[in-house]
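Novice: Have a look at the structure that comes next, please.
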Amino acid sequence: WDVKDSLKAIGNIRLNQNNNKRRLLSGEMHLFNSDSITQILELSKSAEVYSLIESRTAENQPFMKFEDIMTGKIVKATIVQDTIQTLNIYGMATTDYNVIKDSLLIGLNNVSGDSILMNFNKGNLSRIQVFEGAIGQFTPEENNSKVDSIINYNAEYIDYIINGQKSILNNDAKVEYKGTIIESGKIIVDWNTNMLDAEKIGEEYPIVTKAGESPMIGESMKFDLINKKGTIKKGK
């Protein structure tokens with residue numbers, strides 16, 4: 001302990017929380033109170049966070065254990081009344097997040113960026129924001145998702161609204177799925193409907209390119225990821 005209500009540790013840090021449901025590893029750790037109910041936990045020198053979840057790969061199958069994985073040079077967690085509120089990951093930030101809907105595993109979402117901010121509601125992950133050079137890949141679980149192939153995507157900023165099942169990509173946004181590439185200043189994907197909306201931002205027009213076809217450009221675009229059909233407004 002270095003000062004009142006502050007703890008520092010160096011070398012091979014291993015922390016277990018909530019009966020091993022969350023594991024934290026790092027080379028250095030600093031834990032301190034910012035107020036009477038809030039603690040700040042800082043992990044540095046190759047920080048790793050593992051969060052255990054339970055899901056089923058099929059409706060008639062028993063629950064299985066899976067891990068969400070977060071890594072970065074520095075991880076900073078805000079804990080209020082023993083419940084995590086935010087998790088900030090800095091420097092070569094990555095996360096592997098298992099997408100679950102109605103207890104069924106839908107797929108694995110891998111994303112990386114310069115930094116990642118994760119918000120929690122009552123201890124459950126509710127939002128993921130990825131900053132600067134975000135690159136991601138969604139791999140669907142076989143038979144559990146209408147999306148039946150890997151989706152690759154990237155943007156300067158990505159915002160995942162977990163409960164709302166939406167992904168928002170801003171600035172140099174790009175989505176690639178089964179030979180179709182969509183680029184725009186802004187792309188919004190609604191995973192409930194599997195509909196993609198692309199909007200012009202500045203001089204970044206929505207562009208859709210399919211293998212063997214000429215690119216199509218417009219002011220705005222709607223695209224169905226399942227049947228790969230869409231509409232373009234004010235096309236050029």
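Convention: chains lettered A, B, ... in structure tokens order; per-chain residue numbering from 1; ligands numbered from 1 as shown.
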Could you pull the residues within 12 Å of Lys234 in chain A, counting only C-alpha atoms, minus those fewer than 5 positions along the same chain, as a PyMOL selection string?
Specialist: chain A and resi 199-200+205-207+216-221
Novice: Write out as a VMD selection string the residues lying within 6 Å of range 137-148 of chain A, counting only C-alpha atoms and excluding same-chain residues fewer than 6 positions away.
Specialist: chain A and resid 106 to 110
Novice: Work out how far apart CA of Ala155 in chain A and CA of Ile128 in chain A are and give it in Å to one decimal.
Specialist: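 Atom-to-atom, CA of Ala155 in chain A and CA of Ile128 in chain A are spaced 14.0 Å apart.
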Novice: Write out as a PyMOL selection string each polymer residue whose atoms come within 8 Å of Met118 in chain A, counting only C-alpha atoms; drop sequence neighbours fewer than 2 positions from it.
Specialist: chain A and resi 86-88+116+120+125-129
Novice: Among range 128-174 of chain A, which ones does DSSP place in strand (DSSP E), written as JSON, numbers by chain?
Specialist: {"A": [128, 129, 130, 131, 132, 133, 134, 135, 136, 137, 138, 139, 140, 151, 152, 153, 154, 155, 156, 157, 158, 159, 160, 161, 166, 167, 168, 169, 170, 171, 172, 173, 174]}
Novice: With only C-alpha atoms as the basis for distance, which of A:Thr180, A:Ser36, A:Gln165, A:Asn20 is at the shortest distance from Asn194 in chain A?
Specialist: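 Using only C-alpha atoms, Asn194 in chain A sits closest to A:Gln165.
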Novice: Identify, on the basis of only C-alpha atoms, every residue whose closest approach to Gly27 in chain A does not exceed 8 Å; exclude the query and any residue fewer than 2 positions from it along the same chain; express the result as a ChimeraX atom specification.
Specialist: /A:10-13,25,29,43-47
Novice: Keeping only C-alpha atoms, write the selected residues as a short mmCIF file (atom, residue, chain, number, x, y, z; two decimals), in the first residue's frame.
Specialist:
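That gives us part-v3.cif:
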```
data_model
loop_
_atom_site.label_atom_id
_atom_site.label_comp_id
_atom_site.auth_asym_id
_atom_site.auth_seq_id
_atom_site.Cartn_x
_atom_site.Cartn_y
_atom_site.Cartn_z
CA ILE A 10 4.47 -5.25 -9.82
CA GLY A 11 5.17 -8.54 -11.55
CA ASN A 12 2.93 -11.36 -12.76
CA ILE A 13 -0.38 -9.92 -11.49
CA LEU A 25 -3.61 -10.45 -15.79
CA MET A 29 -1.43 -2.94 -11.13
CA LEU A 43 -3.50 -2.67 -15.29
CA SER A 44 -0.40 -2.01 -17.38
CA LYS A 45 2.38 -3.84 -19.18
CA SER A 46 0.46 -6.29 -21.34
CA ALA A 47 -2.94 -6.28 -19.65
#
```
Novice: Do you know which residues are at most 12 Å from Lys76 in chain A counting only C-alpha atoms, after dropping those on the same chain fewer than 3 positions away, and could you put them as a PyMOL selection string?
Specialist: chain A and resi 24+26+28-32+39-44+47-49+70-73+79+84-91+93+115-118
Novice: Given only C-alpha atoms as the basis, pick out the residue of A:Ala198, A:Leu104, A:Met64, A:Ile135 nearest to Met92 in chain A.
Specialist: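 Ranked by minimum distance to Met92 in chain A, first place goes to A:Ile135.
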Novice: From the list A:Gln17, A:Thr94, A:Phe63, A:Tyr50, which residue is nearest Asp82 in chain A when using only C-alpha atoms?
Specialist: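 Ranking A:Gln17, A:Thr94, A:Phe63, A:Tyr50 by distance to Asp82 in chain A, first place goes to A:Gln17.
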Novice: Residues at most 6 Å from range 156-159 of chain A, counting only C-alpha atoms, excluding those fewer than 4 positions away in the same chain, as a JSON list (two decimals) with N, CA and C atoms, in the first residue's frame?
Specialist:
```json
[["chain", "number", "residue", "atom", "x", "y", "z"],
["A", 128, "ILE", "N", -19.82, -1.13, -26.87],
["A", 128, "ILE", "CA", -18.40, -1.17, -27.19],
["A", 128, "ILE", "C", -18.10, -0.07, -28.20],
["A", 129, "GLN", "N", -17.17, 0.82, -27.87],
["A", 129, "GLN", "CA", -16.73, 1.84, -28.81],
["A", 129, "GLN", "C", -15.25, 1.61, -29.14],
["A", 130, "VAL", "N", -14.95, 1.65, -30.43],
["A", 130, "VAL", "CA", -13.58, 1.41, -30.89],
["A", 130, "VAL", "C", -13.10, 2.67, -31.62],
["A", 131, "PHE", "N", -11.92, 3.15, -31.23],
["A", 131, "PHE", "CA", -11.41, 4.42, -31.74],
["A", 131, "PHE", "C", -10.13, 4.22, -32.55],
["A", 132, "GLU", "N", -10.05, 4.96, -33.66],
["A", 132, "GLU", "CA", -8.85, 5.08, -34.49],
["A", 132, "GLU", "C", -8.40, 3.75, -35.10],
["A", 133, "GLY", "N", -8.68, 3.63, -36.38],
["A", 133, "GLY", "CA", -8.24, 2.47, -37.13],
["A", 133, "GLY", "C", -8.88, 1.17, -36.69],
["A", 134, "ALA", "N", -10.20, 1.21, -36.50],
["A", 134, "ALA", "CA", -10.91, 0.01, -36.04],
["A", 134, "ALA", "C", -11.03, -1.02, -37.16],
["A", 167, "SER", "N", -24.67, -1.78, -35.10],
["A", 167, "SER", "CA", -23.28, -1.38, -35.26],
["A", 167, "SER", "C", -23.25, -0.11, -36.10],
["A", 168, "ILE", "N", -22.52, 0.89, -35.63],
["A", 168, "ILE", "CA", -22.40, 2.16, -36.34],
["A", 168, "ILE", "C", -20.94, 2.38, -36.69],
["A", 169, "LEU", "N", -20.65, 2.52, -37.99],
["A", 169, "LEU", "CA", -19.28, 2.73, -38.47],
["A", 169, "LEU", "C", -19.18, 4.13, -39.06],
["A", 170, "ASN", "N", -18.23, 4.92, -38.58],
["A", 170, "ASN", "CA", -18.05, 6.28, -39.06],
["A", 170, "ASN", "C", -16.66, 6.51, -39.64],
["A", 171, "ASN", "N", -16.60, 7.26, -40.74],
["A", 171, "ASN", "CA", -15.35, 7.69, -41.39],
["A", 171, "ASN", "C", -14.58, 6.51, -41.98]]
```
Novice: List the neighbours of Asp197 in chain A out to 8 Å using only C-alpha atoms; skip same-chain residues closer than 4 positions along the sequence, and give me the result as a PyMOL selection string.
Specialist: chain A and resi 187-189+220-223
